>>> print(open('protein19.txt').read())   # compact mmCIF, C-alpha atoms
# COMPACT_ATOMS: atom_id res chain seq x y z
CA MET A 922 74.70 -118.71 4.84
CA HIS A 923 73.02 -117.69 8.10
CA ARG A 924 72.09 -114.29 6.66
CA SER A 925 70.75 -115.95 3.54
CA ARG A 926 68.45 -118.22 5.55
CA ASN A 927 67.18 -115.28 7.66
CA TRP A 928 66.57 -113.19 4.57
CA SER A 929 64.83 -116.07 2.88
CA ARG A 930 62.58 -116.70 5.89
CA ASP A 931 61.79 -112.99 6.19
CA ARG A 932 60.89 -112.86 2.53
CA VAL A 933 58.59 -115.88 2.80
CA GLU A 934 56.87 -114.42 5.85
CA ASN A 935 56.35 -111.06 4.17
CA LYS A 936 54.92 -112.64 1.04
CA THR A 937 52.65 -114.92 3.07
CA LEU A 938 51.36 -112.03 5.16
CA GLY A 939 50.90 -109.95 2.02
CA ILE A 940 48.77 -112.66 0.41
CA LEU A 941 46.76 -113.15 3.60
CA ARG A 942 46.17 -109.41 3.89
CA VAL A 943 44.81 -109.22 0.34
CA ALA A 944 42.64 -112.30 0.93
CA VAL A 945 41.20 -110.96 4.19
CA ILE A 946 40.50 -107.53 2.66
CA ALA A 947 38.78 -109.18 -0.31
CA VAL A 948 36.59 -111.36 1.91
CA LEU A 949 35.62 -108.43 4.15
CA LEU A 950 34.92 -106.25 1.11
CA ILE A 951 32.66 -108.88 -0.43
CA ALA A 952 30.85 -109.49 2.87
CA THR A 953 30.30 -105.75 3.28
CA VAL A 954 29.44 -104.67 -0.26
CA PHE A 955 27.48 -107.67 -1.54
CA PRO A 956 24.38 -107.25 0.67
CA PHE A 957 24.02 -103.60 -0.35
CA TYR A 958 24.66 -104.50 -4.01
CA TYR A 959 21.99 -107.21 -3.96
CA MET A 960 19.57 -104.88 -2.18
CA ALA A 961 20.12 -102.13 -4.76
CA MET A 962 19.77 -104.62 -7.63
CA LEU A 963 16.46 -105.95 -6.30
CA SER A 964 15.16 -102.39 -5.94
CA VAL A 965 15.48 -101.72 -9.70
CA ARG A 966 14.14 -105.07 -10.93
CA ASP A 967 10.58 -105.80 -11.97
CA LEU A 968 8.69 -107.91 -9.43
CA SER A 969 7.81 -110.57 -12.01
CA GLY A 970 11.50 -110.93 -12.88
CA VAL A 971 12.40 -111.30 -9.22
CA LEU A 972 9.77 -114.03 -8.82
CA ARG A 973 11.11 -115.90 -11.87
CA ASP A 974 14.77 -115.67 -10.87
CA PRO A 975 15.30 -114.31 -7.34
CA GLY A 976 18.96 -115.38 -7.26
CA ALA A 977 20.09 -113.35 -10.29
CA LEU A 978 23.13 -111.22 -9.53
CA TRP A 979 22.62 -108.70 -12.33
CA VAL A 980 19.76 -106.92 -14.03
CA SER A 981 19.26 -106.53 -17.77
CA VAL A 982 18.58 -103.13 -19.31
CA SER A 983 15.12 -104.22 -20.43
CA GLU A 984 14.24 -105.23 -16.86
CA LEU A 985 15.61 -102.05 -15.28
CA SER A 986 12.86 -100.01 -13.60
CA PHE A 987 12.79 -97.12 -11.12
CA ASP A 988 9.05 -97.31 -10.48
CA THR A 989 9.74 -98.77 -7.04
CA TYR A 990 11.53 -95.58 -5.97
CA LEU A 991 8.62 -93.49 -7.22
CA ALA A 992 6.27 -95.70 -5.22
CA VAL A 993 8.39 -95.28 -2.10
CA LEU A 994 8.87 -91.51 -2.34
CA ARG A 995 5.39 -90.59 -3.59
CA PRO A 996 3.00 -89.20 -0.88
CA GLN A 997 0.57 -91.65 0.62
CA GLY A 998 -2.35 -89.66 -0.76
CA ASP A 999 -1.07 -90.37 -4.27
CA GLY A 1000 -0.71 -94.09 -3.65
CA GLY A 1001 2.89 -94.06 -2.47
CA GLN A 1002 4.61 -94.74 0.84
CA GLY A 1003 5.49 -91.14 1.72
CA PHE A 1004 9.21 -91.68 2.29
CA LEU A 1005 10.02 -88.16 1.13
CA LEU A 1006 8.16 -86.86 4.19
CA PHE A 1007 9.87 -89.45 6.41
CA MET A 1008 13.28 -88.38 5.13
CA ARG A 1009 12.45 -84.76 5.90
CA ASN A 1010 11.43 -85.68 9.44
CA SER A 1011 14.60 -87.71 9.94
CA ALA A 1012 16.73 -84.88 8.61
CA VAL A 1013 15.06 -82.35 10.94
CA VAL A 1014 15.52 -84.59 13.98
CA ALA A 1015 19.08 -85.61 13.09
CA LEU A 1016 20.28 -82.06 12.33
CA GLY A 1017 18.55 -80.72 15.43
CA THR A 1018 20.20 -83.42 17.55
CA VAL A 1019 23.60 -82.49 16.14
CA ALA A 1020 23.11 -78.77 16.78
CA LEU A 1021 21.79 -79.12 20.34
CA SER A 1022 24.31 -81.83 21.30
CA LEU A 1023 27.26 -79.73 20.17
CA LEU A 1024 25.78 -76.63 21.81
CA VAL A 1025 25.78 -78.47 25.16
CA ALA A 1026 28.85 -80.65 24.65
CA LEU A 1027 31.36 -78.01 23.54
CA PRO A 1028 31.34 -75.89 26.73
CA GLY A 1029 30.94 -79.03 28.86
CA ALA A 1030 33.91 -80.81 27.29
CA TYR A 1031 36.03 -77.65 27.44
CA ALA A 1032 35.23 -77.16 31.13
CA ILE A 1033 36.16 -80.73 32.02
CA SER A 1034 39.41 -80.62 30.05
CA ARG A 1035 40.57 -77.19 31.26
CA LEU A 1036 39.00 -76.31 34.62
CA ARG A 1037 40.03 -77.84 37.94
CA PHE A 1038 37.11 -78.52 40.28
CA PHE A 1039 36.04 -81.07 42.87
CA GLY A 1040 34.73 -84.33 41.36
CA ARG A 1041 36.20 -83.66 37.92
CA ARG A 1042 37.35 -87.25 37.37
CA GLN A 1043 34.15 -88.70 38.77
CA ILE A 1044 32.06 -86.64 36.35
CA SER A 1045 34.15 -87.87 33.42
CA ALA A 1046 33.58 -91.48 34.49
CA LEU A 1047 29.87 -90.76 34.92
CA PHE A 1048 29.53 -89.90 31.24
CA LEU A 1049 30.65 -93.41 30.32
CA ALA A 1050 28.53 -94.99 33.06
CA VAL A 1051 25.45 -93.69 31.24
CA TYR A 1052 26.07 -96.30 28.54
CA PHE A 1053 25.99 -99.15 31.04
CA PHE A 1054 22.19 -98.85 30.92
CA PRO A 1055 20.51 -100.23 27.76
CA SER A 1056 18.04 -98.02 25.93
CA ILE A 1057 15.18 -100.45 26.49
CA LEU A 1058 15.55 -99.89 30.25
CA LEU A 1059 14.69 -96.21 29.82
CA ALA A 1060 12.00 -96.72 27.20
CA VAL A 1061 9.00 -97.28 29.49
CA PRO A 1062 9.70 -94.41 31.96
CA LEU A 1063 10.34 -92.01 29.09
CA PHE A 1064 7.20 -93.17 27.30
CA VAL A 1065 5.10 -92.49 30.41
CA PHE A 1066 6.78 -89.16 31.12
CA PHE A 1067 6.45 -87.77 27.60
CA THR A 1068 2.84 -88.96 27.43
CA ARG A 1069 1.99 -86.99 30.58
CA ILE A 1070 3.64 -83.79 29.40
CA GLY A 1071 2.03 -84.06 25.97
CA LEU A 1072 5.17 -84.52 23.83
CA ARG A 1073 4.53 -88.08 22.70
CA GLY A 1074 3.91 -88.10 18.97
CA SER A 1075 5.97 -84.95 18.31
CA LEU A 1076 9.40 -84.61 16.76
CA ILE A 1077 10.39 -82.25 19.59
CA GLY A 1078 10.00 -85.00 22.18
CA LEU A 1079 12.05 -87.39 20.05
CA LEU A 1080 14.70 -84.69 19.61
CA VAL A 1081 15.00 -84.22 23.38
CA VAL A 1082 15.46 -87.97 23.91
CA TYR A 1083 18.14 -88.20 21.22
CA VAL A 1084 20.08 -85.26 22.69
CA ALA A 1085 19.96 -86.85 26.13
CA GLN A 1086 21.26 -90.09 24.65
CA VAL A 1087 24.25 -88.76 22.73
CA VAL A 1088 25.39 -85.71 24.67
CA ALA A 1089 27.36 -87.74 27.25
CA VAL A 1090 29.50 -89.60 24.72
CA THR A 1091 29.94 -86.39 22.70
CA ILE A 1092 31.31 -84.59 25.78
CA PHE A 1093 33.63 -87.53 26.50
CA MET A 1094 35.08 -87.64 22.97
CA LEU A 1095 35.46 -83.86 22.68
CA ARG A 1096 37.13 -83.72 26.09
CA ASN A 1097 39.78 -86.16 24.89
CA TYR A 1098 40.47 -83.96 21.88
CA PHE A 1099 40.56 -80.71 23.86
CA GLN A 1100 43.22 -82.26 26.08
CA THR A 1101 45.52 -82.58 23.03
CA VAL A 1102 45.36 -78.82 22.39
CA PRO A 1103 48.36 -77.23 24.20
CA VAL A 1104 47.33 -75.07 27.15
CA SER A 1105 50.26 -72.77 26.34
CA LEU A 1106 48.36 -71.42 23.33
CA GLU A 1107 45.52 -70.24 25.55
CA GLU A 1108 47.99 -68.85 28.10
CA ALA A 1109 49.64 -66.82 25.34
CA ALA A 1110 46.22 -65.51 24.29
CA ALA A 1111 45.47 -64.59 27.92
CA ILE A 1112 48.73 -62.59 28.10
CA ASP A 1113 47.55 -60.66 25.05
CA GLY A 1114 44.36 -59.77 26.93
CA CYS A 1115 42.04 -62.49 25.69
CA THR A 1116 39.42 -63.84 28.10
CA ARG A 1117 38.89 -67.56 28.63
CA LEU A 1118 35.80 -67.54 26.43
CA GLY A 1119 37.68 -65.56 23.81
CA ALA A 1120 40.58 -68.02 23.88
CA MET A 1121 38.15 -70.88 23.54
CA ARG A 1122 36.44 -69.27 20.56
CA ARG A 1123 39.58 -68.05 18.78
CA ILE A 1124 42.12 -70.76 19.68
CA THR A 1125 40.64 -74.04 20.92
CA LEU A 1126 37.54 -74.38 18.77
CA PRO A 1127 39.30 -73.75 15.43
CA LEU A 1128 41.98 -76.29 16.34
CA ALA A 1129 39.32 -78.78 17.43
CA MET A 1130 37.21 -78.38 14.29
CA PRO A 1131 38.08 -81.88 12.89
CA ALA A 1132 36.84 -83.47 16.13
CA ILE A 1133 33.74 -81.25 16.21
CA VAL A 1134 32.78 -82.15 12.65
CA SER A 1135 33.46 -85.86 13.14
CA ASN A 1136 31.39 -85.94 16.33
CA GLY A 1137 28.61 -84.11 14.54
CA LEU A 1138 28.63 -86.76 11.81
CA PHE A 1139 28.68 -89.51 14.42
CA VAL A 1140 25.64 -88.03 16.17
CA PHE A 1141 23.86 -87.54 12.84
CA MET A 1142 24.27 -91.21 11.96
CA ILE A 1143 22.91 -92.30 15.34
CA ALA A 1144 19.86 -90.04 15.10
CA TRP A 1145 19.17 -90.96 11.46
CA ASN A 1146 19.19 -94.73 12.11
CA GLU A 1147 17.57 -94.84 15.58
CA PHE A 1148 14.39 -96.92 15.70
CA LEU A 1149 13.31 -97.85 19.25
CA PHE A 1150 12.31 -94.42 20.55
CA ALA A 1151 10.92 -93.39 17.16
CA LEU A 1152 8.61 -96.39 17.35
CA LEU A 1153 7.52 -95.60 20.92
CA PHE A 1154 6.85 -91.90 20.42
CA LEU A 1155 5.71 -91.57 16.81
CA VAL A 1156 3.95 -94.77 15.78
CA GLU A 1157 0.48 -93.22 16.21
CA ARG A 1158 1.22 -90.22 13.95
CA ARG A 1159 2.26 -91.24 10.47
CA ASP A 1160 2.99 -87.67 9.39
CA SER A 1161 5.76 -87.54 12.04
CA TRP A 1162 7.40 -90.87 11.21
CA THR A 1163 11.13 -91.05 10.60
CA VAL A 1164 12.55 -93.04 7.71
CA SER A 1165 13.63 -95.95 9.91
CA LEU A 1166 10.11 -96.26 11.33
CA GLY A 1167 8.62 -96.06 7.84
CA LEU A 1168 10.90 -98.86 6.65
CA SER A 1169 9.92 -101.09 9.57
CA GLN A 1170 6.26 -100.66 8.65
CA LEU A 1171 7.08 -101.69 5.07
CA SER A 1172 8.88 -104.83 6.21
CA GLY A 1173 5.96 -105.77 8.46
CA SER A 1174 3.36 -105.61 5.69
CA ILE A 1175 2.60 -108.64 3.52
CA GLU A 1176 1.08 -106.39 0.86
CA ILE A 1177 4.34 -104.56 0.08
CA PRO A 1178 6.40 -106.13 -2.75
CA THR A 1179 9.99 -107.07 -2.03
CA THR A 1180 11.25 -104.62 -4.65
CA VAL A 1181 9.53 -101.70 -2.92
CA LEU A 1182 10.94 -102.81 0.44
CA MET A 1183 14.46 -102.91 -1.05
CA ALA A 1184 13.96 -99.45 -2.54
CA GLY A 1185 13.02 -98.16 0.91
CA SER A 1186 16.13 -99.80 2.36
CA VAL A 1187 18.30 -98.05 -0.22
CA VAL A 1188 16.64 -94.71 0.55
CA LEU A 1189 17.42 -95.23 4.26
CA THR A 1190 21.02 -96.37 3.74
CA LEU A 1191 22.28 -94.28 0.83
CA PRO A 1192 22.46 -90.86 2.59
CA ILE A 1193 24.61 -92.32 5.38
CA ILE A 1194 26.92 -94.04 2.90
CA VAL A 1195 27.35 -90.86 0.86
CA ILE A 1196 28.03 -88.75 3.96
CA PHE A 1197 30.48 -91.31 5.36
CA PHE A 1198 32.58 -91.65 2.21
CA ALA A 1199 32.50 -87.90 1.58
CA THR A 1200 33.92 -87.20 5.04
CA GLU A 1201 35.71 -90.48 5.80
CA ARG A 1202 39.14 -88.92 6.27
CA LEU A 1203 37.84 -86.15 8.51
CA LEU A 1204 35.75 -88.63 10.49
CA THR A 1205 38.73 -90.94 11.06
CA ASP A 1206 41.10 -88.12 11.99
CA GLY A 1207 38.66 -86.54 14.38
CA LEU A 1208 37.72 -89.75 16.20
CA THR A 1209 41.32 -90.96 16.64
CA ALA A 1210 43.02 -87.65 17.42
CA GLY A 1211 41.75 -87.68 21.00
CA ALA A 1212 43.44 -91.01 21.65
CA GLU A 1213 46.83 -89.30 21.95
CA LYS A 1214 48.16 -86.64 24.25
CA GLY A 1215 50.92 -84.16 23.72
>>> encode(input="protein19.txt", output="structure tokens")
Amino acid sequence: MHRSRNWSRDRVENKTLGILRVAVIAVLLIATVFPFYYMAMLSVRDLSGVLRDPGALWVSVSELSFDTYLAVLRPQGDGGQGFLLFMRNSAVVALGTVALSLLVALPGAYAISRLRFFGRRQISALFLAVYFFPSILLAVPLFVFFTRIGLRGSLIGLLVVYVAQVVAVTIFMLRNYFQTVPVSLEEAAAIDGCTRLGAMRRITLPLAMPAIVSNGLFVFMIAWNEFLFALLFLVERRDSWTVSLGLSQLSGSIEIPTTVLMAGSVVLTLPIIVIFFATERLLTDGLTAGAEKG
């Protein structure tokens, strides 16, 4: 009888938790997907239809229109908003930030995880201390500095700022992953006559490729969505705007229809969503692998 009661209670608890899990997942899924769904639906509706029934949760085939996307992507000289140019600028800055950050972070993270030197632990803590300071605190000094050296208004100046922002956390995350790679593998390579740089290139980097790719994606998402420094450095030169800055200018204009604004929001969001779901497993594995040692 005692076993029957325990089994019965265990069964009730498991079923209750199973129902709660499904309910929580459903609520979170709706809260996450619905805003993007409504945004995408508004972007393909005719403005007159939106004004008649703004709360509609679906769009009829007769009302379906992609003119808003043409208006967003078309160059400004042709009456559009020029988002194709903004997307190119964002891609250049984001990819450049990824390349330069990894170029600096890979040897830095490897040195901290493998070499023994004075102040090694303090330097590791310093990388995290950088994020104690909010970006707005650095905005004014950087604005003045880049104005004086003539880089304000250029994508190169914005690229330098982004690299300085993300390189510390990239080194910290890669260091954690490098520490999970057994040192014995590099020692065996050294016995075979391989130098430290050779062991790093042939042994450590291939094993750390999931973390390298995931950190690259993480940096890309930060650079693609960043707005504050893009506004400070590029607002005076429209041909250098990033897509986030272009979208903010759309939302601040009373002359831009809601449907066009939603189309711009989809253009900004969709590349990140596609990249995330295409590499979700690699991103998760790479970011969590450094949490364990051994």
>>> closest_residue(input="protein19.txt", among="A:Asp1113, A:Asp931, A:Glu984, A:Asp1160", to="Gln997 of chain A", atoms="only C-alpha atoms")
A:Asp1160
>>> closest_residue(input="protein19.txt", among="A:Val954, A:Met1130, A:Leu1021, A:Leu1149", to="Leu1080 of chain A", atoms="all atoms listed in the file")
A:Leu1021
>>> residues_near_point(input="protein19.txt", point="(46.9, -69.2, 30.1)", cutoff="12 Å", atoms="all atoms listed in the file", output="number ranges by chain")
A: 1035-1036, 1103-1121, 1124
>>> closest_atom_pairs(input="protein19.txt", of="segment 1057-1135 of chain A", to="segment 1023-1028 of chain A", cutoff="12 Å", atoms="all atoms listed in the file", output="Markdown table")
| residue | atom | partner | partner_atom | distance |
| --- | --- | --- | --- | --- |
| A:Val1084 | CA | A:Val1025 | CA | 9.2 |
| A:Ala1085 | CA | A:Val1025 | CA | 10.2 |
| A:Val1087 | CA | A:Ala1026 | CA | 9.5 |
| A:Val1088 | CA | A:Ala1026 | CA | 6.1 |
| A:Ala1089 | CA | A:Ala1026 | CA | 7.7 |
| A:Val1090 | CA | A:Ala1026 | CA | 9.0 |
| A:Thr1091 | CA | A:Ala1026 | CA | 6.2 |
| A:Ile1092 | CA | A:Ala1026 | CA | 4.8 |
| A:Phe1093 | CA | A:Ala1026 | CA | 8.6 |
| A:Met1094 | CA | A:Ala1026 | CA | 9.5 |
| A:Leu1095 | CA | A:Leu1027 | CA | 7.2 |
| A:Arg1096 | CA | A:Leu1027 | CA | 8.5 |
| A:Asn1097 | CA | A:Leu1027 | CA | 11.8 |
| A:Tyr1098 | CA | A:Leu1027 | CA | 11.0 |
| A:Phe1099 | CA | A:Leu1027 | CA | 9.6 |
| A:Arg1117 | CA | A:Pro1028 | CA | 11.4 |
| A:Leu1118 | CA | A:Pro1028 | CA | 9.5 |
| A:Met1121 | CA | A:Pro1028 | CA | 9.0 |
| A:Arg1122 | CA | A:Pro1028 | CA | 10.4 |
| A:Thr1125 | CA | A:Leu1027 | CA | 10.4 |
| A:Leu1126 | CA | A:Leu1027 | CA | 8.6 |
| A:Ala1129 | CA | A:Leu1027 | CA | 10.1 |
| A:Met1130 | CA | A:Leu1027 | CA | 11.0 |
| A:Ala1132 | CA | A:Leu1027 | CA | 10.7 |
| A:Ile1133 | CA | A:Leu1023 | CA | 7.7 |
| A:Val1134 | CA | A:Leu1023 | CA | 9.6 |
| A:Ser1135 | CA | A:Leu1023 | CA | 11.2 |
>>> write_last_selection(input="protein19.txt", atoms="C-alpha atoms", output="PDB file, in the coordinates of the input")
ATOM      1  CA  VAL A1084      20.080 -85.260  22.690  1.00  0.00           C
ATOM      2  CA  ALA A1085      19.960 -86.850  26.130  1.00  0.00           C
ATOM      3  CA  VAL A1087      24.250 -88.760  22.730  1.00  0.00           C
ATOM      4  CA  VAL A1088      25.390 -85.710  24.670  1.00  0.00           C
ATOM      5  CA  ALA A1089      27.360 -87.740  27.250  1.00  0.00           C
ATOM      6  CA  VAL A1090      29.500 -89.600  24.720  1.00  0.00           C
ATOM      7  CA  THR A1091      29.940 -86.390  22.700  1.00  0.00           C
ATOM      8  CA  ILE A1092      31.310 -84.590  25.780  1.00  0.00           C
ATOM      9  CA  PHE A1093      33.630 -87.530  26.500  1.00  0.00           C
ATOM     10  CA  MET A1094      35.080 -87.640  22.970  1.00  0.00           C
ATOM     11  CA  LEU A1095      35.460 -83.860  22.680  1.00  0.00           C
ATOM     12  CA  ARG A1096      37.130 -83.720  26.090  1.00  0.00           C
ATOM     13  CA  ASN A1097      39.780 -86.160  24.890  1.00  0.00           C
ATOM     14  CA  TYR A1098      40.470 -83.960  21.880  1.00  0.00           C
ATOM     15  CA  PHE A1099      40.560 -80.710  23.860  1.00  0.00           C
ATOM     16  CA  ARG A1117      38.890 -67.560  28.630  1.00  0.00           C
ATOM     17  CA  LEU A1118      35.800 -67.540  26.430  1.00  0.00           C
ATOM     18  CA  MET A1121      38.150 -70.880  23.540  1.00  0.00           C
ATOM     19  CA  ARG A1122      36.440 -69.270  20.560  1.00  0.00           C
ATOM     20  CA  THR A1125      40.640 -74.040  20.920  1.00  0.00           C
ATOM     21  CA  LEU A1126      37.540 -74.380  18.770  1.00  0.00           C
ATOM     22  CA  ALA A1129      39.320 -78.780  17.430  1.00  0.00           C
ATOM     23  CA  MET A1130      37.210 -78.380  14.290  1.00  0.00           C
ATOM     24  CA  ALA A1132      36.840 -83.470  16.130  1.00  0.00           C
ATOM     25  CA  ILE A1133      33.740 -81.250  16.210  1.00  0.00           C
ATOM     26  CA  VAL A1134      32.780 -82.150  12.650  1.00  0.00           C
ATOM     27  CA  SER A1135      33.460 -85.860  13.140  1.00  0.00           C
TER      28      SER A1135
END
>>> atom_distance(input="protein19.txt", atom1="atom CA of Gly1074 of chain A", atom2="atom CA of Thr1163 of chain A")
11.4 Å
>>> residues_near_point(input="protein19.txt", point="(32.8, -83.6, 35.9)", cutoff="12 Å", atoms="all atoms listed in the file", output="MDAnalysis selection string")
chainID A and resid 1029:1049 1089 1092:1093 1096
>>> write_last_selection(input="protein19.txt", atoms="C-alpha atoms", output="PDB file, in the frame of the given file")
ATOM      1  CA  GLY A1029      30.940 -79.030  28.860  1.00  0.00           C
ATOM      2  CA  ALA A1030      33.910 -80.810  27.290  1.00  0.00           C
ATOM      3  CA  TYR A1031      36.030 -77.650  27.440  1.00  0.00           C
ATOM      4  CA  ALA A1032      35.230 -77.160  31.130  1.00  0.00           C
ATOM      5  CA  ILE A1033      36.160 -80.730  32.020  1.00  0.00           C
ATOM      6  CA  SER A1034      39.410 -80.620  30.050  1.00  0.00           C
ATOM      7  CA  ARG A1035      40.570 -77.190  31.260  1.00  0.00           C
ATOM      8  CA  LEU A1036      39.000 -76.310  34.620  1.00  0.00           C
ATOM      9  CA  ARG A1037      40.030 -77.840  37.940  1.00  0.00           C
ATOM     10  CA  PHE A1038      37.110 -78.520  40.280  1.00  0.00           C
ATOM     11  CA  PHE A1039      36.040 -81.070  42.870  1.00  0.00           C
ATOM     12  CA  GLY A1040      34.730 -84.330  41.360  1.00  0.00           C
ATOM     13  CA  ARG A1041      36.200 -83.660  37.920  1.00  0.00           C
ATOM     14  CA  ARG A1042      37.350 -87.250  37.370  1.00  0.00           C
ATOM     15  CA  GLN A1043      34.150 -88.700  38.770  1.00  0.00           C
ATOM     16  CA  ILE A1044      32.060 -86.640  36.350  1.00  0.00           C
ATOM     17  CA  SER A1045      34.150 -87.870  33.420  1.00  0.00           C
ATOM     18  CA  ALA A1046      33.580 -91.480  34.490  1.00  0.00           C
ATOM     19  CA  LEU A1047      29.870 -90.760  34.920  1.00  0.00           C
ATOM     20  CA  PHE A1048      29.530 -89.900  31.240  1.00  0.00           C
ATOM     21  CA  LEU A1049      30.650 -93.410  30.320  1.00  0.00           C
ATOM     22  CA  ALA A1089      27.360 -87.740  27.250  1.00  0.00           C
ATOM     23  CA  ILE A1092      31.310 -84.590  25.780  1.00  0.00           C
ATOM     24  CA  PHE A1093      33.630 -87.530  26.500  1.00  0.00           C
ATOM     25  CA  ARG A1096      37.130 -83.720  26.090  1.00  0.00           C
TER      26      ARG A1096
END
>>> axis_aligned_box(input="protein19.txt", around="segment 1002-1020 of chain A", padding_each_side="6 Å", output="AutoDock Vina command-line options")
--center_x 14.1 --center_y -86.8 --center_z 9.2 --size_x 31.0 --size_y 28.0 --size_z 28.7
>>> closest_residue(input="protein19.txt", among="A:Leu950, A:Phe1150, A:Glu1201, A:Ser1075", to="Leu1059 of chain A", atoms="all atoms listed in the file")
A:Phe1150
>>> closest_residue(input="protein19.txt", among="A:Phe1066, A:Trp979, A:Tyr990, A:Tyr959", to="Ala1184 of chain A", atoms="only C-alpha atoms")
A:Tyr990
>>> atom_distance(input="protein19.txt", atom1="atom CA of Val1019 of chain A", atom2="atom CA of Trp1145 of chain A")
10.6 Å
>>> atom_distance(input="protein19.txt", atom1="atom CA of Asp967 of chain A", atom2="atom CA of Gly998 of chain A")
23.5 Å
>>> closest_residue(input="protein19.txt", among="A:Ile1196, A:Leu1079, A:Leu1153, A:Ala952", to="Val1014 of chain A", atoms="only C-alpha atoms")
A:Leu1079
>>> closest_residue(input="protein19.txt", among="A:Ile1077, A:Ile951, A:Val1102, A:Ala944", to="Val1013 of chain A", atoms="only C-alpha atoms")
A:Ile1077
>>> decode(input="protein19.txt", residues="segment 962-975 of chain A", atoms="N, CA and C atoms", output="mmCIF file, in the first residue's frame")
data_model
loop_
_atom_site.group_PDB
_atom_site.id
_atom_site.type_symbol
_atom_site.label_atom_id
_atom_site.label_comp_id
_atom_site.auth_asym_id
_atom_site.auth_seq_id
_atom_site.Cartn_x
_atom_site.Cartn_y
_atom_site.Cartn_z
ATOM 1 N N MET A 962 2.965 40.599 -40.743
ATOM 2 C CA MET A 962 1.650 40.693 -41.375
ATOM 3 C C MET A 962 1.329 42.145 -41.758
ATOM 4 N N LEU A 963 1.651 43.080 -40.874
ATOM 5 C CA LEU A 963 1.416 44.488 -41.197
ATOM 6 C C LEU A 963 2.259 44.945 -42.384
ATOM 7 N N SER A 964 3.442 44.356 -42.536
ATOM 8 C CA SER A 964 4.341 44.798 -43.605
ATOM 9 C C SER A 964 3.846 44.400 -44.992
ATOM 10 N N VAL A 965 2.943 43.428 -45.086
ATOM 11 C CA VAL A 965 2.449 42.985 -46.400
ATOM 12 C C VAL A 965 0.988 43.373 -46.615
ATOM 13 N N ARG A 966 0.441 44.201 -45.724
ATOM 14 C CA ARG A 966 -0.935 44.670 -45.892
ATOM 15 C C ARG A 966 -0.950 46.049 -46.534
ATOM 16 N N ASP A 967 -2.044 46.336 -47.214
ATOM 17 C CA ASP A 967 -2.237 47.673 -47.777
ATOM 18 C C ASP A 967 -2.565 48.644 -46.644
ATOM 19 N N LEU A 968 -2.068 49.868 -46.751
ATOM 20 C CA LEU A 968 -2.258 50.849 -45.684
ATOM 21 C C LEU A 968 -3.739 51.124 -45.424
ATOM 22 N N SER A 969 -4.538 51.185 -46.477
ATOM 23 C CA SER A 969 -5.970 51.444 -46.284
ATOM 24 C C SER A 969 -6.623 50.313 -45.504
ATOM 25 N N GLY A 970 -6.191 49.061 -45.754
ATOM 26 C CA GLY A 970 -6.729 47.937 -45.002
ATOM 27 C C GLY A 970 -6.327 47.981 -43.538
ATOM 28 N N VAL A 971 -5.101 48.421 -43.284
ATOM 29 C CA VAL A 971 -4.644 48.548 -41.892
ATOM 30 C C VAL A 971 -5.446 49.614 -41.168
ATOM 31 N N LEU A 972 -5.756 50.730 -41.852
ATOM 32 C CA LEU A 972 -6.533 51.793 -41.221
ATOM 33 C C LEU A 972 -7.963 51.348 -40.945
ATOM 34 N N ARG A 973 -8.534 50.513 -41.823
ATOM 35 C CA ARG A 973 -9.895 50.014 -41.603
ATOM 36 C C ARG A 973 -9.953 49.007 -40.471
ATOM 37 N N ASP A 974 -8.970 48.116 -40.416
ATOM 38 C CA ASP A 974 -8.999 47.046 -39.411
ATOM 39 C C ASP A 974 -7.582 46.780 -38.914
ATOM 40 N N PRO A 975 -7.066 47.629 -38.020
ATOM 41 C CA PRO A 975 -5.680 47.461 -37.562
ATOM 42 C C PRO A 975 -5.464 46.231 -36.697
#
